[in-house]
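Here the structure is laid out as structure tokens; the discussion comes afterwards.
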Amino acid sequence: MRMTFLAAALLASAAPAYATPADDFHRIMDAHYQWLLRENPTQATALGVRDYDDRIDDLSPEARAAHVRQARTFRDQIQAIPADALSPTDRVNRAILLRMLGETIEESGFGQRDMLFTTYYGWHQGFAGLATGLPFRDRHDYESYLTRIAQYPRLNDQALAITANAVRGGFVLPCSVLGGYERTISGVIESDPTKSHFYEPFTRPKPSTIGDADWAALQARARQIITEVINPAYRKHLDFYTRDYLPHCARVDSVSAQPNGAAWYALQVREHTTTDLTPQQIHQIGLDEVARIRSEMDRVAREAGYPSREAFIEHLRTDPSYYPTSAEQLMAASALFNKQVDAWLPRLFGRLPRLTFTIREIPAETAEGTTTAYYGSGSPEAGISGTYYVNTSHLDQRPLWEIPALSLHESVPGHHLQIALQQEMDIAPFRRNFTGFTAFTEGWALYAESLGEEMGVYNTPERRMGELSYQMWRACRLVVDTGIHAYGWDKARAIQYMRDNTALTDRNIESEVNRYISWPGQALGYMIGRLKIIELRHRAEQALGPRFDERRFHDAVLANGSVPLDVLEAQINEWIAAEQARPAGAAPSQPPRT
């Protein structure tokens, strides 16, 4: 009885005597954020939380079930707090939390949850890149890293068990997208451990706080773990893939052919677009956008002196002068373009991030099958820059006229600018560090491509056609993704549609279609998000007239990080009203914080 009384007293002292709904909500938000850190131990380290430095993800059945149970608990606790008892900011936090938790719970009811890899990402590749997201400043950091990579066999075994269960249930990727996929596994295995991705931190300059003898011992331990622990685990994965997975690959490209696949696809569409649009509605939006962009491409082709869009695109695809002859040339051209864009950023934005970004080549073992470029976020707390990854494989498929649109999307003012700003914001920590809605994040990056027009970077017919081709690429996604998963298209039809309408090279088209097949719904967020941001910009321009300030509009769009599109619309409506109410000559209103 004494211990029970004491426990009750401690609980009572932990909360105010008269807790308000807002107090309750903030305690739940704090508990939820601490849970996110525990569930994502390597990200916690990158965020400066060092409590879990000896841990990696846990994919055991017990951990996965506990994760869903905890999500339900948080959801129920939050739903018990009336939204109208909270501040406007916390009402937004509540809505976003409920959306995220609800998606976790709903996904747990589908067998597709056990499909742990796509042609774009897999646990084996994520772990091979572990070092790029961790700090390496002192001996503790290196020892923590070695402790973590030594645990990979457990993670790998868990992932293989989940995947084996998926195979038994018929939740497998189509055969059509798996050509050469085994290289993403075998390419990590290095007989010389010093050439392994996992050894990369030990090729850096030795921290001054580590003695020579200790440094040599750490390097030796790394070589041993790579040889005796890491490589055998990747060989086990490779054997499983070739023996137990590949022979059972699906013969149909649509996820709707899987058990409960149509319902899964509808859920993915809602998640990635943050809308209630149906696949059929999105398909029609895509067709309309394709027709609009095609007319623009026809005009550019005629102005360039070509009889048709098709003739100009064929020239762009086949003239070798448009293609780099070395990886160094492609990387140098990308780097130079990004520095030229820097001059424009203060003219387009009132607030810029402090975190820098770098440019790296996509690892060779994944470059063959992945997209033309992508962005990896950095960490201000860990001193890690953002990274713009460029695909330097198949150089005859990487045209230089793509660089402007591609770079504006992946670096600045696209992904790096938006994500790095979010990492500095005074918003709820779960939103600052764990939230990224596809329609906002990718919609912004696609909108950022259009800013190249006022920068003057689409200053040749080739670059202009490249920008239009990138718009067309994302419009075609709306048609092709829904075509495959809602209308039963196969890969060949999807490729032909992309080839008929974009200027993308054949290698890029196949990689992209493989991505849409293996990652249903994700590619829909880009154009849906872009169209919403453009719609909001037109609304602001019409409402404010000469008082419209592009820099302030951009700051307002980015002011609250990645949010669902309905939240973004409400925020911009509030900003427009505040700008309208501002007396002439008064200081501009600050973007609303939610």
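Residues are named by chain letter and number: chains run A, B, ... in the order of the structure tokens, numbers start at 1 in each chain, and ligands are numbered from 1 in the order shown.
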
Need the shell around Arg354 of chain A: protein/DNA/RNA residues with any atom at most 10 Å away, counting only C-alpha atoms. Skip same-chain ones fewer than 3 positions apart. Format as a PDB file with C-alpha atoms, in the first residue's frame?
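And here's around-v3.pdb as it stands now:
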```
ATOM      1  CA  ARG A 351      14.405  33.928 -45.396  1.00  0.00           C
ATOM      2  CA  PHE A 357      24.366  21.325 -49.298  1.00  0.00           C
ATOM      3  CA  PRO A 380      22.227  21.113 -38.393  1.00  0.00           C
ATOM      4  CA  LEU A 417      15.897  25.124 -49.318  1.00  0.00           C
ATOM      5  CA  ALA A 420      16.686  22.970 -44.424  1.00  0.00           C
ATOM      6  CA  LEU A 421      14.344  25.835 -43.532  1.00  0.00           C
ATOM      7  CA  GLN A 423      14.803  22.023 -39.758  1.00  0.00           C
ATOM      8  CA  GLU A 424      15.341  25.539 -38.337  1.00  0.00           C
TER       9      GLU A 424
END
```

Report the closest atom pair, with its distance in Å rounded to one decimal, for each residue of segment 142-226 of chain A that has an atom no farther than 9 Å from segment 257-272 of chain A; count only C-alpha atoms, sort by chain and then rising residue number, and write it as CSV.
```
residue,atom,partner,partner_atom,distance
A:Gly169,CA,A:Pro259,CA,8.2
A:Gly170,CA,A:Gln258,CA,6.7
A:Phe171,CA,A:Gln258,CA,6.5
A:Val172,CA,A:Gln258,CA,8.6
```

Write to file, as a short mmCIF file (atom, residue, chain, number, x, y, z; two decimals), in the first residue's frame, the residues of the selection just made, with N, CA, C and O atoms.
```cif
data_model
loop_
_atom_site.label_atom_id
_atom_site.label_comp_id
_atom_site.auth_asym_id
_atom_site.auth_seq_id
_atom_site.Cartn_x
_atom_site.Cartn_y
_atom_site.Cartn_z
N GLY A 169 2.17 -14.52 -48.96
CA GLY A 169 0.87 -13.89 -49.13
C GLY A 169 0.62 -13.33 -50.51
O GLY A 169 -0.47 -12.80 -50.78
N GLY A 170 1.61 -13.40 -51.39
CA GLY A 170 1.46 -12.86 -52.74
C GLY A 170 1.75 -11.37 -52.85
O GLY A 170 1.37 -10.73 -53.83
N PHE A 171 2.45 -10.83 -51.87
CA PHE A 171 2.77 -9.40 -51.88
C PHE A 171 4.22 -9.23 -52.33
O PHE A 171 5.13 -9.03 -51.52
N VAL A 172 4.39 -9.34 -53.63
CA VAL A 172 5.73 -9.29 -54.23
C VAL A 172 5.73 -8.31 -55.39
O VAL A 172 4.70 -8.04 -56.00
#
```

Kindly assemble as JSON lines a list of the segment 273-369 of chain A residues that lie within 10 Å of segment 551-572 of chain A, each paired with its nearest atom pair and their distance in Å to one decimal, using only C-alpha atoms, sorted first by chain and then by ascending residue number.
```
{"residue": "A:Thr273", "atom": "CA", "partner": "A:Leu565", "partner_atom": "CA", "distance": 7.9}
{"residue": "A:Thr274", "atom": "CA", "partner": "A:Pro564", "partner_atom": "CA", "distance": 5.5}
{"residue": "A:Thr275", "atom": "CA", "partner": "A:Leu565", "partner_atom": "CA", "distance": 7.3}
{"residue": "A:Leu345", "atom": "CA", "partner": "A:Arg551", "partner_atom": "CA", "distance": 9.5}
{"residue": "A:Pro346", "atom": "CA", "partner": "A:Arg551", "partner_atom": "CA", "distance": 8.5}
{"residue": "A:Arg347", "atom": "CA", "partner": "A:Arg551", "partner_atom": "CA", "distance": 7.0}
{"residue": "A:Leu348", "atom": "CA", "partner": "A:Arg551", "partner_atom": "CA", "distance": 4.8}
{"residue": "A:Phe349", "atom": "CA", "partner": "A:Arg551", "partner_atom": "CA", "distance": 4.5}
{"residue": "A:Gly350", "atom": "CA", "partner": "A:Arg551", "partner_atom": "CA", "distance": 5.7}
{"residue": "A:Arg351", "atom": "CA", "partner": "A:Asp555", "partner_atom": "CA", "distance": 6.7}
{"residue": "A:Leu352", "atom": "CA", "partner": "A:Asp555", "partner_atom": "CA", "distance": 9.2}
```

Selected residues written out, N, CA and C atoms, as an mmCIF file, in the first residue's frame:
```cif
data_model
loop_
_atom_site.group_PDB
_atom_site.id
_atom_site.type_symbol
_atom_site.label_atom_id
_atom_site.label_comp_id
_atom_site.auth_asym_id
_atom_site.auth_seq_id
_atom_site.Cartn_x
_atom_site.Cartn_y
_atom_site.Cartn_z
ATOM 1 N N THR A 273 -1.167 12.427 -51.757
ATOM 2 C CA THR A 273 -1.694 13.692 -52.267
ATOM 3 C C THR A 273 -2.309 14.544 -51.166
ATOM 4 N N THR A 274 -2.543 13.969 -50.006
ATOM 5 C CA THR A 274 -3.263 14.628 -48.896
ATOM 6 C C THR A 274 -4.580 15.228 -49.372
ATOM 7 N N THR A 275 -5.248 14.534 -50.288
ATOM 8 C CA THR A 275 -6.548 14.958 -50.801
ATOM 9 C C THR A 275 -7.483 13.754 -50.787
ATOM 10 N N LEU A 345 18.563 33.655 -55.079
ATOM 11 C CA LEU A 345 17.785 33.300 -53.895
ATOM 12 C C LEU A 345 17.350 34.496 -53.057
ATOM 13 N N PRO A 346 18.210 35.491 -52.792
ATOM 14 C CA PRO A 346 17.742 36.637 -51.998
ATOM 15 C C PRO A 346 16.667 37.466 -52.700
ATOM 16 N N ARG A 347 16.571 37.350 -54.022
ATOM 17 C CA ARG A 347 15.537 38.084 -54.743
ATOM 18 C C ARG A 347 14.185 37.382 -54.664
ATOM 19 N N LEU A 348 14.201 36.099 -54.360
ATOM 20 C CA LEU A 348 12.969 35.316 -54.368
ATOM 21 C C LEU A 348 12.486 34.932 -52.981
ATOM 22 N N PHE A 349 13.357 35.077 -51.965
ATOM 23 C CA PHE A 349 13.012 34.649 -50.617
ATOM 24 C C PHE A 349 13.496 35.662 -49.594
ATOM 25 N N GLY A 350 12.661 35.904 -48.587
ATOM 26 C CA GLY A 350 13.072 36.770 -47.492
ATOM 27 C C GLY A 350 13.877 36.039 -46.448
ATOM 28 N N ARG A 351 13.699 34.727 -46.382
ATOM 29 C CA ARG A 351 14.405 33.928 -45.396
ATOM 30 C C ARG A 351 15.079 32.752 -46.098
ATOM 31 N N LEU A 352 16.354 32.563 -45.812
ATOM 32 C CA LEU A 352 17.129 31.477 -46.410
ATOM 33 C C LEU A 352 17.714 30.605 -45.302
#
```

Which residues are close to segment 153-168 of chain A, i.e. within 6 Å by only C-alpha atoms, leaving aside same-chain residues fewer than 6 positions away? Reply as an mmCIF file with C-alpha atoms, in the first residue's frame.
```
data_model
loop_
_atom_site.group_PDB
_atom_site.id
_atom_site.type_symbol
_atom_site.label_atom_id
_atom_site.label_comp_id
_atom_site.auth_asym_id
_atom_site.auth_seq_id
_atom_site.Cartn_x
_atom_site.Cartn_y
_atom_site.Cartn_z
ATOM 1 C CA LEU A 59 11.652 -4.861 -37.217
ATOM 2 C CA SER A 60 10.707 -7.799 -35.028
ATOM 3 C CA ASP A 114 5.279 -6.256 -45.563
ATOM 4 C CA ALA A 233 24.645 -10.820 -44.085
#
```

query: Between A:His197, A:Thr356, A:Asn40, A:Ile517, which has the minimum distance to Ser176 of chain A (counting only C-alpha atoms)?
result: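 For Ser176 of chain A, the nearest of the given residues is A:Ile517.
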
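Distances from A:Ile528, A:Met465, A:Ala66, A:Leu116 to Asp276 of chain A were compared using only C-alpha atoms, and the smallest one belongs to A:Ile528.
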
Can you list, as a compact mmCIF listing (two decimals) with N, CA, C and O atoms, in the first residue's frame, every protein, DNA or RNA residue that comes within 10 Å of Arg464 of chain A when you count only C-alpha atoms, leaving out same-chain residues fewer than 2 positions away?
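Saved result, selection-v5.txt, follows:
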```
# COMPACT_ATOMS: atom_id res chain seq x y z
N MET A 297 4.95 22.65 -75.71
CA MET A 297 6.11 22.01 -76.34
C MET A 297 6.06 22.17 -77.87
O MET A 297 7.10 22.39 -78.51
N VAL A 300 7.34 25.71 -78.61
CA VAL A 300 8.79 25.85 -78.46
C VAL A 300 9.51 25.17 -79.62
O VAL A 300 10.50 25.70 -80.15
N ALA A 301 9.03 24.02 -80.05
CA ALA A 301 9.66 23.31 -81.17
C ALA A 301 9.58 24.14 -82.45
O ALA A 301 10.56 24.25 -83.20
N TRP A 401 20.94 19.54 -70.95
CA TRP A 401 19.83 20.48 -70.93
C TRP A 401 18.81 20.18 -69.84
O TRP A 401 17.92 20.98 -69.58
N GLU A 402 18.97 19.03 -69.15
CA GLU A 402 18.10 18.73 -68.01
C GLU A 402 18.59 19.39 -66.73
O GLU A 402 17.83 19.50 -65.76
N PRO A 404 19.24 22.41 -65.50
CA PRO A 404 18.54 23.49 -64.79
C PRO A 404 17.29 23.02 -64.05
O PRO A 404 17.17 23.26 -62.83
N ALA A 405 16.36 22.37 -64.71
CA ALA A 405 15.13 21.94 -64.05
C ALA A 405 15.43 20.93 -62.94
O ALA A 405 14.87 21.00 -61.84
N GLY A 452 12.67 28.99 -62.43
CA GLY A 452 13.76 29.18 -63.38
C GLY A 452 13.40 30.09 -64.53
O GLY A 452 14.28 30.69 -65.17
N GLU A 453 12.11 30.23 -64.81
CA GLU A 453 11.68 31.12 -65.89
C GLU A 453 12.04 32.56 -65.57
O GLU A 453 12.60 33.28 -66.40
N VAL A 457 17.04 31.08 -66.57
CA VAL A 457 17.95 29.97 -66.82
C VAL A 457 17.48 29.07 -67.96
O VAL A 457 18.26 28.28 -68.49
N TYR A 458 16.21 29.21 -68.35
CA TYR A 458 15.73 28.45 -69.52
C TYR A 458 15.93 29.32 -70.76
O TYR A 458 15.00 29.70 -71.45
N ASN A 459 17.22 29.62 -71.01
CA ASN A 459 17.58 30.64 -71.99
C ASN A 459 17.95 30.08 -73.35
O ASN A 459 18.49 30.79 -74.20
N THR A 460 17.70 28.80 -73.59
CA THR A 460 17.88 28.20 -74.91
C THR A 460 16.66 27.34 -75.19
O THR A 460 15.97 26.90 -74.25
N PRO A 461 16.37 27.07 -76.44
CA PRO A 461 15.23 26.18 -76.75
C PRO A 461 15.39 24.81 -76.08
O PRO A 461 14.40 24.21 -75.66
N GLU A 462 16.63 24.34 -76.01
CA GLU A 462 16.86 23.03 -75.41
C GLU A 462 16.51 23.05 -73.92
O GLU A 462 15.83 22.13 -73.42
N GLY A 466 13.55 21.23 -72.00
CA GLY A 466 13.86 20.40 -70.84
C GLY A 466 12.94 20.70 -69.67
O GLY A 466 12.45 19.78 -69.00
N GLU A 467 12.66 21.99 -69.43
CA GLU A 467 11.75 22.37 -68.35
C GLU A 467 10.34 21.88 -68.63
O GLU A 467 9.66 21.34 -67.75
N LEU A 468 9.89 22.04 -69.87
CA LEU A 468 8.56 21.56 -70.24
C LEU A 468 8.49 20.03 -70.16
O LEU A 468 7.47 19.46 -69.76
N SER A 469 9.58 19.38 -70.53
CA SER A 469 9.61 17.92 -70.45
C SER A 469 9.48 17.47 -69.00
O SER A 469 8.84 16.46 -68.71
N TYR A 470 10.11 18.21 -68.09
CA TYR A 470 10.00 17.85 -66.68
C TYR A 470 8.58 18.08 -66.16
O TYR A 470 8.07 17.30 -65.35
```

message: Rounded to one decimal, what separation in Å do you get between atom CA of Ala85 of chain A and atom CA of Phe25 of chain A?
response: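 Taking atom CA of Ala85 of chain A and atom CA of Phe25 of chain A, their separation equals 10.0 Å.
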
- request: Provide the atom CA of Ala492 of chain A to atom CA of Val177 of chain A distance in Å, to one decimal place.
  value: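 About the pair atom CA of Ala492 of chain A and atom CA of Val177 of chain A: they are 11.2 Å apart.
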
Expected answer as a VMD selection string: alpha helix (DSSP H) residues in segment 333-499 of chain A: chain A and resid 333 to 342 345 to 348 364 to 367 403 to 410 415 to 423 429 to 434 438 to 450 452 to 455 461 to 487 491 to 499

message: I'd like the contact shell of Leu531 of chain A - 10 Å cut-off, only C-alpha atoms, skipping same-chain residues fewer than 4 positions apart - returned as a list in words.
response: Glu289, Ala439, Gly443, Trp444, Leu446, Tyr447, Tyr526, Met527, Glu535, Leu536 and Arg537 of chain A

Could you write out that same residue set with N, CA and C atoms as a PDB file, in the first residue's frame?
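So the final result, stored in part_12.pdb, reads:
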```pdb
ATOM      1  N   GLU A 289      -3.503  18.033 -68.075  1.00  0.00           N
ATOM      2  CA  GLU A 289      -2.196  18.674 -67.988  1.00  0.00           C
ATOM      3  C   GLU A 289      -1.297  18.263 -69.148  1.00  0.00           C
ATOM      4  N   ALA A 439       2.882  15.588 -51.156  1.00  0.00           N
ATOM      5  CA  ALA A 439       2.273  16.611 -52.010  1.00  0.00           C
ATOM      6  C   ALA A 439       2.866  17.985 -51.738  1.00  0.00           C
ATOM      7  N   GLY A 443       5.602  18.806 -54.273  1.00  0.00           N
ATOM      8  CA  GLY A 443       4.902  19.872 -54.982  1.00  0.00           C
ATOM      9  C   GLY A 443       5.691  21.163 -54.967  1.00  0.00           C
ATOM     10  N   TRP A 444       6.296  21.484 -53.817  1.00  0.00           N
ATOM     11  CA  TRP A 444       7.142  22.682 -53.747  1.00  0.00           C
ATOM     12  C   TRP A 444       8.334  22.560 -54.695  1.00  0.00           C
ATOM     13  N   LEU A 446       8.652  20.873 -57.391  1.00  0.00           N
ATOM     14  CA  LEU A 446       8.229  21.005 -58.790  1.00  0.00           C
ATOM     15  C   LEU A 446       7.852  22.450 -59.108  1.00  0.00           C
ATOM     16  N   TYR A 447       7.217  23.125 -58.157  1.00  0.00           N
ATOM     17  CA  TYR A 447       6.958  24.562 -58.324  1.00  0.00           C
ATOM     18  C   TYR A 447       8.282  25.326 -58.454  1.00  0.00           C
ATOM     19  N   TYR A 526       3.601  15.005 -56.693  1.00  0.00           N
ATOM     20  CA  TYR A 526       4.372  16.088 -57.298  1.00  0.00           C
ATOM     21  C   TYR A 526       3.462  17.098 -58.004  1.00  0.00           C
ATOM     22  N   MET A 527       2.764  16.644 -59.025  1.00  0.00           N
ATOM     23  CA  MET A 527       1.960  17.565 -59.817  1.00  0.00           C
ATOM     24  C   MET A 527       0.729  18.055 -59.050  1.00  0.00           C
ATOM     25  N   GLU A 535      -2.187  27.513 -57.852  1.00  0.00           N
ATOM     26  CA  GLU A 535      -3.539  28.027 -57.622  1.00  0.00           C
ATOM     27  C   GLU A 535      -3.538  29.070 -56.505  1.00  0.00           C
ATOM     28  N   LEU A 536      -2.812  28.789 -55.416  1.00  0.00           N
ATOM     29  CA  LEU A 536      -2.758  29.725 -54.294  1.00  0.00           C
ATOM     30  C   LEU A 536      -2.004  30.998 -54.675  1.00  0.00           C
ATOM     31  N   ARG A 537      -0.976  30.869 -55.488  1.00  0.00           N
ATOM     32  CA  ARG A 537      -0.256  32.061 -55.934  1.00  0.00           C
ATOM     33  C   ARG A 537      -1.166  32.949 -56.786  1.00  0.00           C
TER      34      ARG A 537
END
```

query: How would you write, as a PyMOL selection string, the set of residues in segment 264-388 of chain A that DSSP gives as strand (DSSP E or B)?
result: chain A and resi 357-361+373-376+379+384+386-388

message: Give me, as a PyMOL selection string, all polymer residues having an atom no more than 7 Å from Gly48 of chain A, counting only C-alpha atoms and skipping those fewer than 4 positions away in the same chain.
response: chain A and resi 44+381-382

Take the residues that were just selected and, keeping N, CA and C atoms, output them as a PDB file, in the first residue's frame.
```pdb
ATOM      1  N   ALA A  44      17.556   9.954 -34.260  1.00  0.00           N
ATOM      2  CA  ALA A  44      17.714  10.647 -32.981  1.00  0.00           C
ATOM      3  C   ALA A  44      19.154  11.126 -32.808  1.00  0.00           C
ATOM      4  N   GLU A 381      22.112  19.845 -36.296  1.00  0.00           N
ATOM      5  CA  GLU A 381      22.615  19.432 -34.990  1.00  0.00           C
ATOM      6  C   GLU A 381      23.867  18.581 -35.100  1.00  0.00           C
ATOM      7  N   ALA A 382      23.899  17.708 -36.110  1.00  0.00           N
ATOM      8  CA  ALA A 382      25.039  16.807 -36.267  1.00  0.00           C
ATOM      9  C   ALA A 382      26.125  17.383 -37.164  1.00  0.00           C
TER      10      ALA A 382
END
```

message: Under the rule that only C-alpha atoms are counted, which of A:Ile210, A:Leu178, A:Leu355, A:Ala131 is the nearest residue to Gln422 of chain A?
response: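 When distances to Gln422 of chain A are compared using only C-alpha atoms, the smallest one comes from A:Leu355.
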
task: Show which residues sit within 12 Å of Ser87 of chain A, as a list of chain:residue names. Count only C-alpha atoms, and ignore same-chain residues fewer than 4 positions away.
output: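 Result of the neighbour search: A:Thr20, A:Pro21, A:Ala22, A:Asp23, A:Phe25, A:His26, A:Pro82, A:Ala83, A:Arg91, A:Val92, A:Asn93, A:Arg94, A:Arg593, A:Thr594.
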
query: With distances taken over only C-alpha atoms, which of A:Ile427, A:Ala543, A:Leu406, A:Val290 is nearest to Asn501 of chain A?
result: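 Closest to Asn501 of chain A of all the choices is A:Val290.
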
task: Determine the nearest neighbour of Ala364 of chain A from the options A:Ala311, A:Ile509, A:Ala448, A:Val188, counting only C-alpha atoms.
output: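 Looking at the shortest contact to Ala364 of chain A, the residue is A:Val188.
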